[in-house]
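**Q** File query.cif follows (mmCIF, C-alpha atoms):
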data_structure
loop_
_atom_site.label_atom_id
_atom_site.label_comp_id
_atom_site.auth_asym_id
_atom_site.auth_seq_id
_atom_site.Cartn_x
_atom_site.Cartn_y
_atom_site.Cartn_z
CA MET W 1 14.42 -6.22 -19.40
CA PRO W 2 12.31 -4.02 -21.70
CA THR W 3 12.78 -0.30 -21.33
CA ILE W 4 9.00 0.17 -21.62
CA PRO W 5 6.78 -1.73 -19.15
CA PHE W 6 4.08 -3.97 -20.54
CA PHE W 7 1.09 -1.82 -19.50
CA LYS W 8 2.59 1.63 -19.92
CA HIS W 9 -0.06 2.91 -22.33
CA ALA W 10 -3.45 3.66 -20.78
CA THR W 11 -6.77 4.22 -22.49
CA PRO W 12 -8.54 7.59 -22.04
CA ARG W 13 -11.02 5.87 -19.71
CA GLU W 14 -8.22 4.45 -17.56
CA ILE W 15 -6.53 7.85 -17.38
CA ILE W 16 -9.76 9.47 -16.21
CA ILE W 17 -10.34 6.78 -13.56
CA THR W 18 -6.83 7.07 -12.12
CA ARG W 19 -7.13 10.85 -11.87
CA LEU W 20 -10.55 10.66 -10.26
CA CYS W 21 -9.29 8.17 -7.67
CA CYS W 22 -6.27 10.30 -6.81
CA GLY W 23 -8.33 13.47 -6.85
CA ALA W 24 -10.85 11.97 -4.44
CA ASP W 25 -8.10 11.09 -1.97
CA VAL W 26 -6.64 14.60 -2.28
CA VAL W 27 -10.07 15.97 -1.35
CA VAL W 28 -10.05 13.78 1.77
CA ILE W 29 -6.54 14.95 2.67
CA LEU W 30 -7.54 18.62 2.28
CA TYR W 31 -10.72 18.04 4.29
CA CYS W 32 -8.71 16.54 7.17
CA ALA W 33 -6.13 19.32 6.94
CA GLY W 34 -8.83 21.99 7.02
CA TYR W 35 -10.37 20.41 10.11
CA LEU W 36 -6.99 20.24 11.86
CA VAL W 37 -6.17 23.86 11.13
CA GLY W 38 -9.61 25.21 11.96
CA THR W 39 -10.17 23.33 15.21
CA TYR W 40 -6.66 23.41 16.65
CA PRO W 41 -7.37 26.16 19.23
CA ALA W 42 -10.46 24.32 20.54
CA ALA W 43 -8.97 20.81 20.54
CA GLY W 44 -6.46 21.30 23.34
CA LEU W 45 -4.20 18.51 22.10
CA ARG W 46 -0.81 18.66 23.74
CA TRP W 47 2.41 17.95 21.88
CA PRO W 48 3.12 14.50 23.39
CA TRP W 49 -0.30 13.28 22.26
CA LEU W 50 0.20 14.91 18.88
CA ILE W 51 3.32 12.80 18.38
CA VAL W 52 1.44 9.68 19.53
CA ALA W 53 -1.34 10.39 17.01
CA LEU W 54 1.18 10.88 14.19
CA LEU W 55 2.95 7.61 15.01
CA ALA W 56 -0.35 5.76 15.32
CA GLY W 57 -1.41 7.11 11.94
CA TYR W 58 1.89 6.08 10.38
CA PHE W 59 1.54 2.55 11.75
CA LEU W 60 -2.09 2.23 10.67
CA ALA W 61 -1.22 3.60 7.22
CA ASP W 62 1.30 0.78 6.88
CA LEU W 63 -1.30 -1.73 8.01
CA PHE W 64 -3.86 -0.31 5.57
CA SER W 65 -1.33 -0.53 2.74
CA GLY W 66 -0.79 -4.19 3.63
CA LEU W 67 -4.51 -4.92 3.60
CA VAL W 68 -4.95 -3.31 0.18
CA HIS W 69 -1.84 -5.08 -1.13
CA TRP W 70 -3.07 -8.43 0.19
CA VAL W 71 -6.51 -8.06 -1.38
CA VAL W 72 -5.04 -7.00 -4.73
CA ASP W 73 -2.41 -9.74 -4.83
CA THR W 74 -4.55 -12.55 -3.50
CA TRP W 75 -8.11 -12.15 -4.72
CA LEU W 76 -8.43 -9.66 -7.57
CA ASP W 77 -7.72 -10.08 -11.26
CA GLU W 78 -7.52 -7.97 -14.37
CA GLY W 79 -11.19 -8.51 -15.13
CA MET W 80 -12.12 -6.80 -11.87
CA LEU W 81 -9.81 -3.77 -11.80
CA GLY W 82 -8.16 -3.89 -15.19
CA ARG W 83 -4.82 -2.19 -15.74
CA GLY W 84 -4.18 -1.53 -12.05
CA ILE W 85 -4.08 -5.25 -11.33
CA ALA W 86 -2.02 -5.89 -14.44
CA ILE W 87 0.64 -3.45 -13.22
CA THR W 88 0.85 -5.15 -9.82
CA ARG W 89 1.16 -8.59 -11.40
CA GLU W 90 3.87 -7.34 -13.73
CA HIS W 91 5.71 -6.08 -10.67
CA HIS W 92 5.86 -9.62 -9.29
CA THR W 93 7.63 -10.98 -12.33
CA HIS W 94 9.55 -7.85 -13.37
CA PRO W 95 10.11 -5.84 -10.17
CA GLY W 96 12.14 -3.09 -11.82
CA HIS W 97 9.28 -2.11 -14.13
CA VAL W 98 7.43 -0.50 -11.24
CA LEU W 99 9.86 2.43 -11.43
CA LEU W 100 8.89 3.14 -15.04
CA TYR W 101 5.24 4.00 -14.49
CA ASP W 102 3.86 7.47 -13.84
CA PHE W 103 2.90 8.51 -10.32
CA LEU W 104 -0.86 8.60 -10.97
CA ASP W 105 -0.82 5.17 -12.62
CA GLN W 106 0.28 3.62 -9.36
CA ALA W 107 -1.16 6.01 -6.79
CA SER W 108 -4.76 5.24 -7.71
CA LEU W 109 -4.66 1.71 -6.26
CA GLY W 110 -4.08 3.07 -2.78
CA ALA W 111 -5.94 6.34 -3.24
CA ALA W 112 -9.26 4.74 -4.22
CA PRO W 113 -9.82 2.65 -1.06
CA SER W 114 -8.38 5.46 1.04
CA ALA W 115 -10.83 7.99 -0.38
CA VAL W 116 -13.76 5.72 0.49
CA VAL W 117 -12.73 4.31 3.88
CA VAL W 118 -10.82 7.28 5.28
CA GLY W 119 -13.25 9.74 3.73
CA ILE W 120 -16.18 8.14 5.57
CA ALA W 121 -14.17 7.89 8.81
CA ALA W 122 -13.17 11.55 8.61
CA ALA W 123 -16.74 12.69 7.92
CA VAL W 124 -18.05 10.70 10.89
CA THR W 125 -15.30 12.08 13.14
CA ALA W 126 -16.07 15.64 12.10
CA SER W 127 -19.74 15.15 12.95
CA PHE W 128 -18.90 14.95 16.67
CA PRO W 129 -18.10 17.98 18.83
CA VAL W 130 -14.45 19.00 18.69
CA SER W 131 -12.38 17.38 21.42
CA THR W 132 -8.88 16.12 22.03
CA PHE W 133 -10.00 12.67 20.92
CA THR W 134 -11.66 13.75 17.67
CA TYR W 135 -8.66 15.93 16.84
CA ALA W 136 -6.25 13.02 17.41
CA LEU W 137 -8.46 10.78 15.25
CA MET W 138 -8.44 13.33 12.45
CA ILE W 139 -4.63 13.37 12.58
CA VAL W 140 -4.70 9.60 12.13
CA TRP W 141 -7.05 9.87 9.12
CA PHE W 142 -4.93 12.64 7.62
CA VAL W 143 -1.74 10.57 7.88
CA ILE W 144 -3.39 7.44 6.45
CA ALA W 145 -4.93 9.28 3.49
CA THR W 146 -1.65 11.02 2.69
CA CYS W 147 0.43 7.86 2.97
CA MET W 148 -1.99 5.89 0.81
CA LEU W 149 -1.80 8.49 -1.93
CA PHE W 150 1.98 8.09 -1.89
CA GLY W 151 1.91 4.41 -0.94
CA MET W 152 3.51 3.14 -4.13
CA SER W 153 6.09 5.92 -3.93
CA PHE W 154 7.08 4.58 -0.50
CA HIS W 155 7.17 1.08 -1.96
CA ASN W 156 9.26 2.14 -4.92
CA LEU W 157 12.00 3.45 -2.62
CA ALA W 158 12.72 -0.18 -1.78
CA HIS W 159 13.47 -0.79 -5.46
CA TRP W 160 15.87 2.07 -6.10
CA SER W 161 19.22 0.70 -7.23
CA HIS W 162 21.05 3.91 -6.30
CA ARG W 163 19.92 5.24 -2.93
CA PRO W 164 21.09 8.63 -1.65
CA PRO W 165 22.58 8.71 1.86
CA LEU W 166 19.48 10.31 3.42
CA LEU W 167 17.27 7.53 2.08
CA ARG W 168 19.66 4.87 3.37
CA ILE W 169 19.53 6.43 6.82
CA ALA W 170 15.72 6.58 6.77
CA GLN W 171 15.58 2.92 5.74
CA ARG W 172 18.04 1.87 8.44
CA LEU W 173 15.86 3.69 10.97
CA HIS W 174 12.80 1.86 9.55
CA LEU W 175 11.11 5.14 8.71
CA VAL W 176 10.49 3.82 5.19
CA CYS W 177 10.57 0.31 3.82
CA SER W 178 14.05 -0.99 3.00
CA PRO W 179 15.01 -3.27 0.08
CA GLU W 180 16.13 -5.98 2.50
CA HIS W 181 12.80 -5.92 4.28
CA HIS W 182 10.60 -5.72 1.18
CA TRP W 183 12.45 -8.22 -0.99
CA ARG W 184 11.25 -11.09 1.17
CA HIS W 185 7.77 -10.46 -0.24
CA HIS W 186 9.08 -11.12 -3.72
CA HIS W 187 10.31 -14.53 -2.63
CA ASP W 188 7.24 -15.39 -0.58
CA HIS W 189 4.00 -13.71 -1.57
CA THR W 190 2.30 -14.62 1.68
CA ILE W 191 4.29 -12.21 3.88
CA ARG W 192 5.57 -8.61 4.06
CA TYR W 193 2.53 -7.02 2.43
CA CYS W 194 2.85 -3.69 4.28
CA VAL W 195 4.96 -1.29 2.22
CA ILE W 196 4.91 2.17 3.80
CA ASN W 197 7.46 1.54 6.53
CA GLY W 198 7.09 -2.17 7.26
CA TRP W 199 6.17 -1.67 10.92
CA ALA W 200 2.93 -3.63 10.64
CA ASN W 201 4.65 -6.57 8.94
CA TYR W 202 6.14 -7.75 12.21
CA PRO W 203 2.86 -8.36 14.09
CA CYS W 204 0.99 -9.43 10.94
CA ASP W 205 3.57 -12.00 9.88
CA ARG W 206 4.21 -13.26 13.40
CA LEU W 207 0.48 -13.78 13.95
CA ARG W 208 0.05 -15.14 10.39
CA ILE W 209 -2.77 -12.68 9.84
CA TRP W 210 -2.83 -12.97 6.06
CA SER W 211 -2.79 -16.77 5.84
CA ARG W 212 -5.52 -16.99 8.47
CA LEU W 213 -7.63 -14.50 6.57
CA GLU W 214 -7.08 -16.54 3.42
CA ARG W 215 -8.39 -19.66 5.13
CA LEU W 216 -11.48 -17.76 6.24
CA VAL W 217 -12.15 -16.43 2.74
CA THR W 218 -11.58 -19.85 1.18
CA ALA W 219 -13.88 -21.51 3.71
CA ALA W 220 -16.59 -18.93 3.02
CA THR W 221 -16.29 -18.70 -0.78
CA GLY W 222 -14.40 -21.77 -1.97
CA ARG W 223 -11.91 -19.56 -3.82
CA ALA W 224 -8.20 -20.37 -3.70
CA PRO W 225 -5.75 -17.53 -2.95
CA ARG W 226 -3.46 -16.45 -5.79
CA ALA W 227 -5.14 -18.97 -8.08
CA ASP W 228 -3.97 -17.29 -11.29
CA ASP W 229 -0.35 -16.51 -10.35
CA ALA W 230 1.08 -19.25 -12.56
CA GLU W 231 -0.99 -18.03 -15.53
CA TRP W 232 0.29 -14.48 -15.04
CA GLN W 233 3.84 -15.76 -14.87
CA ARG W 234 3.38 -17.57 -18.18
CA ARG W 235 1.76 -14.54 -19.83
CA LEU W 236 4.51 -12.17 -18.80
CA ASN W 237 7.27 -14.59 -19.80
CA ASP W 238 8.92 -14.40 -16.40
CA ALA W 239 12.60 -15.29 -16.40
CA GLY W 240 13.23 -14.70 -12.72
CA GLY W 241 10.91 -17.28 -11.26
CA LEU W 242 9.68 -14.94 -8.53
CA VAL W 243 6.13 -16.22 -8.71
CA GLY W 244 5.52 -19.84 -7.83
CA ALA W 245 2.62 -22.11 -8.57
CA PRO W 246 -0.51 -21.36 -6.54
CA ARG W 247 -0.58 -23.05 -3.17
CA PRO W 248 -3.68 -24.57 -1.64
CA ALA W 249 -5.17 -22.67 1.25
CA GLY W 250 -4.42 -23.96 4.73
#
Do you think you could lay out the structure here as structure tokens?
**A**
Amino acid sequence: MPTIPFFKHATPREIIITRLCCGADVVVILYCAGYLVGTYPAAGLRWPWLIVALLAGYFLADLFSGLVHWVVDTWLDEGMLGRGIAITREHHTHPGHVLLYDFLDQASLGAAPSAVVVGIAAAVTASFPVSTFTYALMIVWFVIATCMLFGMSFHNLAHWSHRPPLLRIAQRLHLVCSPEHHWRHHHDHTIRYCVINGWANYPCDRLRIWSRLERLVTAATGRAPRADDAEWQRRLNDAGGLVGAPRPAG
């Protein structure tokens, strides 16, 4: 395995884009935090509901990470998003390389959709009068935006070869994604897309959400999911065989 990943070196334009994406999500996080601090006295949210909102946000963050992961893996290519897609495809054939990239290189893939979707949701929520409901919603948006900024950091924990005891405990408690849980995605790229804590993988995989969505997209557009996986495997000279030939939808 090379000590330097294939797409380590970014162009000045790519560096600017990754920083803008991450910066935009940080703005959303700070906006949500400011709302939560400023409106806490008027919201009247009790502690039990605060915990419920935090847990709901953590689950939805995992689900959001899975949706982004599914779109990137299944439908996008390097021509659409450039180096970001290249890094994710490299991860499929050389999983250990993901630990060799800088934080901002990876964070931007989750931060960009978070800044747009969560940013709009937070702005709409803040436009309503402060209430227990709007405050709980803003907690959800805050948790999602934060987790998406650190989404790949959560994911990378499942690839650490040497895990400290505290991390092992957190993974056993399913607070973060474990290697055992995540590795199934590397053997079957149609499941286990959610990478924050893996909570959303259980309903999504049981209900076959991703394969059903793929059939809908294929029926509407005629595109096949993961159509260029085999080509990426050839280009990256994969020795592990983690990426199979593309499968027909349905």
**Q** Point out the residue among W:Ala42, W:Asp62, W:Val117, W:Pro179 with the least atom-to-atom distance to His162 of chain W, counting all atoms listed in the file.
**A** W:Pro179
**Q** Please evaluate the PyMOL selection byres ((chain W and resi 151-160) around 9) against the structure above and give the resulting residues as a PyMOL selection string.
**A** chain W and resi 61-62+65+95-96+98-99+103+106-107+109-111+146-150+161-163+167+171+176-183+194-197
**Q** May I ask which of the residues W:Thr190, W:Thr11, W:Thr125, W:Thr218 is the closest one to Cys32 of chain W, counting only C-alpha atoms?
**A**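 Of W:Thr190, W:Thr11, W:Thr125, W:Thr218, the one nearest Cys32 of chain W, counting only C-alpha atoms, is W:Thr125.
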**Q** What residues come out when you apply the PyMOL selection byres ((chain W and resi 71-87) around 10) to this file, written as a PyMOL selection string?
**A** chain W and resi 5-11+14+18+66-70+88-92+94+97-98+101+105-109+189-190+193+210+214+217+223-229+232
**Q** At a cut-off of 12 Å from (-12.4, 7.9, 7.1) in the coordinates of the file, what residues are picked up using all atoms listed in the file, written as a PyMOL selection string?
**A** chain W and resi 25+27-29+31-32+61+64+113-127+137-145
**Q** I'd like the interatomic distance between atom CA of Arg192 of chain W and atom CA of Tyr58 of chain W, to a tenth of an Å.
**A**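 Distance reported for this atom pair: 16.4 Å.
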